[in-house]
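Below: work29.txt (compact mmCIF, C-alpha atoms)
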```txt
# COMPACT_ATOMS: atom_id res chain seq x y z
CA MET A 382 29.05 -32.28 -60.08
CA VAL A 383 26.64 -34.02 -62.44
CA ASN A 384 24.02 -36.26 -60.84
CA TRP A 385 24.51 -39.13 -63.28
CA ARG A 386 22.02 -41.43 -61.54
CA GLY A 387 19.30 -38.79 -61.66
CA LEU A 388 20.13 -37.94 -65.26
CA TYR A 389 20.00 -41.61 -66.28
CA THR A 390 16.74 -42.20 -64.36
CA LEU A 391 14.99 -39.32 -66.09
CA PHE A 392 16.39 -40.36 -69.46
CA ALA A 393 15.28 -43.98 -68.90
CA LYS A 394 11.80 -42.73 -67.98
CA GLU A 395 11.53 -40.82 -71.28
CA VAL A 396 12.82 -43.79 -73.30
CA TRP A 397 10.33 -46.12 -71.57
CA ARG A 398 7.48 -43.71 -72.31
CA PHE A 399 8.60 -43.49 -75.96
CA VAL A 400 8.73 -47.28 -76.37
CA LYS A 401 5.48 -47.82 -74.47
CA VAL A 402 3.54 -46.01 -77.21
CA ALA A 403 5.59 -47.38 -80.12
CA VAL A 404 2.60 -47.40 -82.48
CA GLN A 405 2.34 -43.65 -82.08
CA THR A 406 6.02 -42.76 -81.80
CA ILE A 407 7.61 -45.21 -84.25
CA LEU A 408 5.08 -46.95 -86.50
CA THR A 409 2.97 -43.90 -87.38
CA PRO A 410 5.93 -41.76 -88.56
CA VAL A 411 7.30 -44.66 -90.61
CA VAL A 412 3.94 -45.22 -92.31
CA THR A 413 3.58 -41.48 -92.98
CA VAL A 414 7.01 -41.28 -94.60
CA MET A 415 6.28 -44.36 -96.72
CA LEU A 416 2.99 -42.84 -97.93
CA TYR A 417 4.72 -39.58 -98.90
CA LEU A 418 7.42 -41.54 -100.69
CA LEU A 419 4.95 -43.78 -102.49
CA ILE A 420 2.78 -40.90 -103.70
CA PHE A 421 5.46 -38.43 -104.74
CA SER A 422 7.91 -40.94 -106.18
CA SER A 423 5.26 -42.72 -108.26
CA VAL A 424 4.04 -39.43 -109.74
CA LEU A 425 7.26 -37.43 -110.15
CA SER A 426 10.21 -39.84 -110.08
CA GLU A 427 10.51 -40.10 -113.86
CA LYS A 428 9.67 -36.45 -114.53
CA VAL A 429 11.85 -34.51 -112.11
CA GLU A 430 15.64 -34.44 -111.73
CA VAL A 431 16.65 -31.99 -109.00
CA TYR A 432 20.41 -32.55 -109.16
CA GLN A 433 22.23 -33.93 -112.17
CA GLY A 434 22.35 -37.70 -111.94
CA THR A 435 19.98 -37.80 -108.93
CA ASN A 436 16.39 -38.89 -109.51
CA TYR A 437 13.55 -37.40 -107.50
CA THR A 438 13.02 -40.43 -105.26
CA THR A 439 16.67 -40.37 -104.15
CA PHE A 440 16.39 -36.62 -103.54
CA LEU A 441 13.19 -37.06 -101.53
CA VAL A 442 14.26 -39.78 -99.08
CA PRO A 443 16.73 -37.78 -96.87
CA GLY A 444 14.33 -34.85 -96.58
CA LEU A 445 11.43 -37.08 -95.55
CA ILE A 446 13.54 -38.85 -92.94
CA MET A 447 14.75 -35.58 -91.43
CA MET A 448 11.28 -34.01 -91.51
CA SER A 449 9.82 -36.99 -89.68
CA MET A 450 12.61 -36.93 -87.09
CA ILE A 451 12.30 -33.24 -86.25
CA GLN A 452 8.50 -33.21 -86.20
CA ASN A 453 8.39 -36.16 -83.83
CA ALA A 454 11.20 -34.77 -81.67
CA PHE A 455 8.95 -31.77 -81.02
CA ALA A 456 5.82 -33.86 -80.50
CA ASN A 457 7.41 -36.25 -78.01
CA SER A 458 9.18 -33.71 -75.80
CA SER A 459 6.23 -31.32 -75.72
CA SER A 460 3.62 -33.99 -74.95
CA SER A 461 5.77 -35.54 -72.20
CA LEU A 462 6.40 -32.33 -70.25
CA PHE A 463 2.92 -30.89 -70.78
CA GLN A 464 1.27 -34.12 -69.60
CA SER A 465 3.43 -33.93 -66.47
CA LYS A 466 2.22 -30.35 -65.92
CA LEU A 467 -1.43 -31.37 -66.30
CA ASN A 468 -1.39 -34.36 -63.96
CA GLY A 469 0.90 -32.70 -61.41
CA SER A 470 3.71 -35.24 -61.65
CA ILE A 471 6.13 -32.46 -62.68
CA ALA A 472 6.40 -31.68 -58.95
CA PHE A 473 8.25 -34.96 -58.33
CA VAL A 474 10.80 -34.08 -61.02
CA LEU A 475 11.29 -30.55 -59.67
CA LEU A 476 11.77 -31.85 -56.12
CA ALA A 477 14.36 -34.43 -57.21
CA PRO A 478 18.08 -33.51 -56.86
CA ILE A 479 18.38 -32.85 -60.61
CA SER A 480 19.75 -29.58 -61.98
CA ASN A 481 18.15 -27.63 -64.82
CA LEU A 482 20.95 -28.73 -67.15
CA GLU A 483 20.45 -32.41 -66.23
CA PHE A 484 16.68 -32.08 -66.75
CA TYR A 485 17.30 -30.56 -70.18
CA ALA A 486 19.94 -33.15 -71.20
CA ALA A 487 17.76 -36.11 -70.23
CA SER A 488 14.97 -34.76 -72.45
CA ASN A 489 17.16 -34.18 -75.49
CA LEU A 490 19.92 -36.81 -75.32
CA PRO A 491 21.16 -37.30 -78.92
CA VAL A 492 21.23 -40.74 -80.49
CA LEU A 493 22.50 -39.83 -83.96
CA LEU A 494 25.26 -37.55 -85.27
CA GLY A 495 25.62 -34.26 -87.10
CA PHE A 496 22.46 -32.66 -88.40
CA ALA A 497 20.29 -35.45 -87.01
CA VAL A 498 21.54 -34.61 -83.49
CA LEU A 499 21.20 -30.85 -83.91
CA GLY A 500 17.87 -31.07 -85.73
CA THR A 501 16.18 -33.36 -83.23
CA GLY A 502 17.83 -31.45 -80.36
CA ILE A 503 16.40 -28.17 -81.64
CA LEU A 504 12.89 -29.55 -82.09
CA GLY A 505 13.02 -31.39 -78.78
CA THR A 506 13.99 -28.10 -77.12
CA LEU A 507 11.23 -26.20 -78.92
CA GLY A 508 8.87 -28.89 -77.67
CA LEU A 509 9.96 -28.19 -74.08
CA ILE A 510 9.58 -24.43 -74.61
CA ALA A 511 6.13 -24.85 -76.12
CA SER A 512 4.97 -27.13 -73.30
CA ILE A 513 6.27 -24.70 -70.64
CA TRP A 514 4.42 -21.83 -72.32
CA ALA A 515 1.21 -23.74 -73.07
CA GLU A 516 -1.77 -23.72 -70.75
CA LYS A 517 -3.85 -26.27 -72.65
CA TRP A 518 -3.42 -28.87 -75.39
CA ASP A 519 -4.76 -26.44 -77.99
CA HIS A 520 -1.67 -24.29 -77.49
CA ILE A 521 0.62 -27.25 -78.21
CA SER A 522 -1.40 -28.13 -81.33
CA ALA A 523 -1.33 -24.51 -82.51
CA PHE A 524 2.46 -24.32 -82.11
CA GLN A 525 2.90 -27.56 -84.01
CA ASN A 526 0.36 -26.86 -86.77
CA PHE A 527 1.10 -23.18 -87.38
CA VAL A 528 4.85 -23.05 -86.72
CA ILE A 529 6.54 -26.46 -86.91
CA LEU A 530 4.51 -27.95 -89.76
CA PRO A 531 4.74 -24.97 -92.18
CA LEU A 532 8.46 -24.51 -91.53
CA SER A 533 8.98 -28.24 -92.18
CA PHE A 534 7.04 -28.32 -95.45
CA LEU A 535 8.66 -25.10 -96.70
CA SER A 536 12.20 -26.22 -95.88
CA GLY A 537 13.04 -27.89 -99.19
CA VAL A 538 11.89 -31.41 -98.35
CA PHE A 539 10.00 -31.77 -101.63
CA TYR A 540 11.99 -29.39 -103.83
CA SER A 541 15.31 -27.61 -104.25
CA ILE A 542 15.13 -23.93 -103.40
CA ARG A 543 17.12 -23.30 -106.59
CA SER A 544 13.91 -24.02 -108.47
CA LEU A 545 12.10 -21.16 -106.68
CA PRO A 546 11.85 -17.53 -107.85
CA GLU A 547 14.58 -15.33 -106.42
CA PHE A 548 12.28 -13.71 -103.85
CA TRP A 549 11.20 -17.06 -102.38
CA GLN A 550 14.77 -18.30 -102.38
CA LYS A 551 15.73 -15.38 -100.16
CA ILE A 552 12.75 -16.05 -97.89
CA SER A 553 13.85 -19.69 -97.57
CA TYR A 554 17.21 -18.59 -96.17
CA TYR A 555 15.38 -17.28 -93.08
CA ASN A 556 13.89 -20.72 -92.38
CA PRO A 557 16.23 -22.59 -89.98
CA PHE A 558 14.59 -25.89 -90.96
CA PHE A 559 15.96 -25.45 -94.49
CA TYR A 560 19.53 -25.74 -93.19
CA MET A 561 18.68 -28.91 -91.26
CA ILE A 562 17.15 -30.57 -94.32
CA ASP A 563 19.81 -29.37 -96.76
CA GLY A 564 22.69 -30.41 -94.52
CA PHE A 565 21.15 -33.80 -93.74
CA ARG A 566 20.58 -34.40 -97.46
CA TYR A 567 24.24 -33.60 -98.14
CA GLY A 568 25.16 -36.45 -95.82
CA PHE A 569 23.23 -38.83 -98.08
CA LEU A 570 23.90 -37.46 -101.56
CA GLY A 571 27.02 -35.31 -101.29
CA VAL A 572 25.18 -32.37 -102.90
CA SER A 573 23.31 -29.45 -101.38
CA ASP A 574 21.87 -26.05 -102.22
CA ILE A 575 24.38 -24.19 -100.03
CA SER A 576 27.66 -24.97 -98.28
CA VAL A 577 27.25 -27.71 -95.68
CA TRP A 578 29.51 -25.73 -93.32
CA ILE A 579 27.22 -22.71 -93.50
CA SER A 580 24.28 -24.99 -92.71
CA MET A 581 26.14 -26.57 -89.80
CA GLY A 582 27.06 -23.16 -88.39
CA ILE A 583 23.52 -21.79 -88.60
CA VAL A 584 21.91 -24.94 -87.20
CA GLY A 585 24.48 -25.04 -84.40
CA ALA A 586 23.87 -21.39 -83.52
CA PHE A 587 20.10 -21.96 -83.53
CA PHE A 588 20.53 -24.98 -81.28
CA VAL A 589 22.56 -22.96 -78.76
CA THR A 590 20.01 -20.14 -78.83
CA VAL A 591 16.91 -22.28 -78.19
CA SER A 592 18.81 -24.30 -75.59
CA LEU A 593 19.69 -21.16 -73.62
CA VAL A 594 16.07 -19.97 -73.80
CA CYS A 595 14.87 -23.35 -72.56
CA LEU A 596 17.38 -23.44 -69.69
CA LEU A 597 16.40 -19.92 -68.63
CA LEU A 598 12.73 -20.94 -68.57
CA LEU A 599 13.52 -24.05 -66.52
CA ARG A 600 15.64 -22.03 -64.12
CA SER A 601 12.92 -19.41 -63.64
CA GLY A 602 10.30 -22.08 -62.99
CA TYR A 603 7.91 -20.25 -65.32
CA SER A 604 4.57 -22.10 -65.50
CA LEU A 605 6.08 -25.12 -63.73
CA ARG A 606 6.04 -24.10 -60.06
CA GLY A 607 2.41 -23.06 -59.88
```
Can you present the structure in this file as structure tokens?
Amino acid sequence: MVNWRGLYTLFAKEVWRFVKVAVQTILTPVVTVMLYLLIFSSVLSEKVEVYQGTNYTTFLVPGLIMMSMIQNAFANSSSSLFQSKLNGSIAFVLLAPISNLEFYAASNLPVLLGFAVLGTGILGTLGLIASIWAEKWDHISAFQNFVILPLSFLSGVFYSIRSLPEFWQKISYYNPFFYMIDGFRYGFLGVSDISVWISMGIVGAFFVTVSLVCLLLLRSGYSLRG
């Protein structure tokens, strides 16, 4: 049976932590997105039309929103668990009558639908995996700066992959972040670079894969139980 009280308590703890540092978790991402939008839209809005009848600013907004969501999903889940490892408070969570699945669900509970749920779920899960693996903050930063950030920027946030040379188009198809951005953009504009159902299938499969890896790590107690 599911320990709903334990699940809710852990979830409420994570929400409280998120709200407690709202300047970092909410205001900073909003300001960053607005700066990107201001700079790119003012320079390119009148010069670039990615899809027929869609100006560049309209094209840019969904990608920026999704990029901000997935980057911060990773940052919040990884920092929360890793901080618990450093200060030793993870022991209280491990001793509580909460299963691995309940621990995982409380850290990645979705609040939106479709690609927003899958995208933030994937990055939240990757954040947990990175924090389990990491031994110091530098490892978290390296994972974010050399894996998450490049994949985000090269996912089609600022351009359509149709505008790329054929070789780079094929490379883009191996970037799972591309399918998150492209599918999320379809929800706004009704147009995308590939079928939205293909994107949904690939993102869903990626979500299941990283979730299973995370649950196996939690079950094994790797790097969590001393």
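Near segment 398-404 of chain A, within 12 Å and counting only C-alpha atoms, sit A:Leu391, A:Phe392, A:Ala393, A:Lys394, A:Leu408, A:Thr409, A:Pro410, A:Val411, A:Val412, A:Asn453, A:Ala454, A:Ala456, A:Asn457, A:Ser458, A:Ser460, A:Ser461, A:Leu462, A:Gln464, A:Ser488; same-chain residues fewer than 4 positions away were not included.
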Give me the residues within 7 Å of segment 436-452 of chain A as a PyMOL selection string, counting all atoms listed in the file and dropping any in the same chain fewer than 5 places off. chain A and resi 410+414+422+425-426+429-431+500-501+504+533+538-539+562+565-566+569
Could the residues in this selection be written to a file with C-alpha atoms, as a PDB file, in the frame of the given file?
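Okay, out-v1.pdb is ready:
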```
ATOM      1  CA  PRO A 410       5.930 -41.760 -88.560  1.00  0.00           C
ATOM      2  CA  VAL A 414       7.010 -41.280 -94.600  1.00  0.00           C
ATOM      3  CA  SER A 422       7.910 -40.940-106.180  1.00  0.00           C
ATOM      4  CA  LEU A 425       7.260 -37.430-110.150  1.00  0.00           C
ATOM      5  CA  SER A 426      10.210 -39.840-110.080  1.00  0.00           C
ATOM      6  CA  VAL A 429      11.850 -34.510-112.110  1.00  0.00           C
ATOM      7  CA  GLU A 430      15.640 -34.440-111.730  1.00  0.00           C
ATOM      8  CA  VAL A 431      16.650 -31.990-109.000  1.00  0.00           C
ATOM      9  CA  GLY A 500      17.870 -31.070 -85.730  1.00  0.00           C
ATOM     10  CA  THR A 501      16.180 -33.360 -83.230  1.00  0.00           C
ATOM     11  CA  LEU A 504      12.890 -29.550 -82.090  1.00  0.00           C
ATOM     12  CA  SER A 533       8.980 -28.240 -92.180  1.00  0.00           C
ATOM     13  CA  VAL A 538      11.890 -31.410 -98.350  1.00  0.00           C
ATOM     14  CA  PHE A 539      10.000 -31.770-101.630  1.00  0.00           C
ATOM     15  CA  ILE A 562      17.150 -30.570 -94.320  1.00  0.00           C
ATOM     16  CA  PHE A 565      21.150 -33.800 -93.740  1.00  0.00           C
ATOM     17  CA  ARG A 566      20.580 -34.400 -97.460  1.00  0.00           C
ATOM     18  CA  PHE A 569      23.230 -38.830 -98.080  1.00  0.00           C
TER      19      PHE A 569
END
```
Polymer residues at most 9 Å from Ser604 of chain A, all atoms listed in the file, same-chain spacing of 5 or more positions, as a ChimeraX atom specification: /A:466,513-516,598
Point-to-point distance in Å for atom CA of Gln550 of chain A and atom CA of Phe524 of chain A: 24.5 Å
Which of A:Leu605, A:Gly505, A:Asp519, A:Phe496 sits closest to Tyr560 of chain A [using only C-alpha atoms]: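 When distances to Tyr560 of chain A are compared using only C-alpha atoms, the smallest one comes from A:Phe496.
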Would you compute the distance between atom CA of Phe484 of chain A and atom CA of Leu388 of chain A? Give it in Å to one decimal.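 One can read the atom CA of Phe484 of chain A to atom CA of Leu388 of chain A distance as 7.0 Å.
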When distances are computed from all atoms listed in the file, which of A:Trp385, A:Phe548, A:Phe559, A:Phe588 shows the smallest separation from Ile575 of chain A?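 The shortest atom-to-atom distance to Ile575 of chain A comes from A:Phe559.
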Could you give me, as a PyMOL selection string, the residues that have an atom at most 10 Å away from the point (18.6, -24.4, -69.4) in the coordinates of the file, using all atoms listed in the file? chain A and resi 480-486+506+591-601
Using Å and a single decimal, report how far atom CA of Tyr417 of chain A sits from atom CA of Tyr554 of chain A. 24.6 Å
Give the padded box for segment 589-606 of chain A as AutoDock Vina command-line options: axis-aligned, covering all atoms listed in the file, 6 Å on each side, centre and edge lengths in Å to one decimal.
```
--center_x 13.6 --center_y -22.3 --center_z -69.4 --size_x 30.0 --size_y 17.7 --size_z 30.8
```
Return the single residue from A:Gly537, A:Glu547, A:Ser512, A:Ser553 that is closest to Ser573 of chain A, with distances computed using all atoms listed in the file.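 For Ser573 of chain A, the nearest of the given residues is A:Gly537.
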Shell of 12 Å around Ile579 of chain A, only C-alpha atoms, local chain residues under 2 positions omitted, as number ranges by chain: A: 554, 557, 559-561, 563-564, 573-577, 581-586
Serialized selection, C-alpha atoms, as a short mmCIF file (atom, residue, chain, number, x, y, z; two decimals), in the frame of the given file:
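Result written to part.cif:
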```cif
data_model
loop_
_atom_site.label_atom_id
_atom_site.label_comp_id
_atom_site.auth_asym_id
_atom_site.auth_seq_id
_atom_site.Cartn_x
_atom_site.Cartn_y
_atom_site.Cartn_z
CA TYR A 554 17.21 -18.59 -96.17
CA PRO A 557 16.23 -22.59 -89.98
CA PHE A 559 15.96 -25.45 -94.49
CA TYR A 560 19.53 -25.74 -93.19
CA MET A 561 18.68 -28.91 -91.26
CA ASP A 563 19.81 -29.37 -96.76
CA GLY A 564 22.69 -30.41 -94.52
CA SER A 573 23.31 -29.45 -101.38
CA ASP A 574 21.87 -26.05 -102.22
CA ILE A 575 24.38 -24.19 -100.03
CA SER A 576 27.66 -24.97 -98.28
CA VAL A 577 27.25 -27.71 -95.68
CA MET A 581 26.14 -26.57 -89.80
CA GLY A 582 27.06 -23.16 -88.39
CA ILE A 583 23.52 -21.79 -88.60
CA VAL A 584 21.91 -24.94 -87.20
CA GLY A 585 24.48 -25.04 -84.40
CA ALA A 586 23.87 -21.39 -83.52
#
```
Nearest-residue call for Ile542 of chain A, choices A:Val474, A:Phe421, A:Asn556, A:Asn384, using only C-alpha atoms: A:Asn556
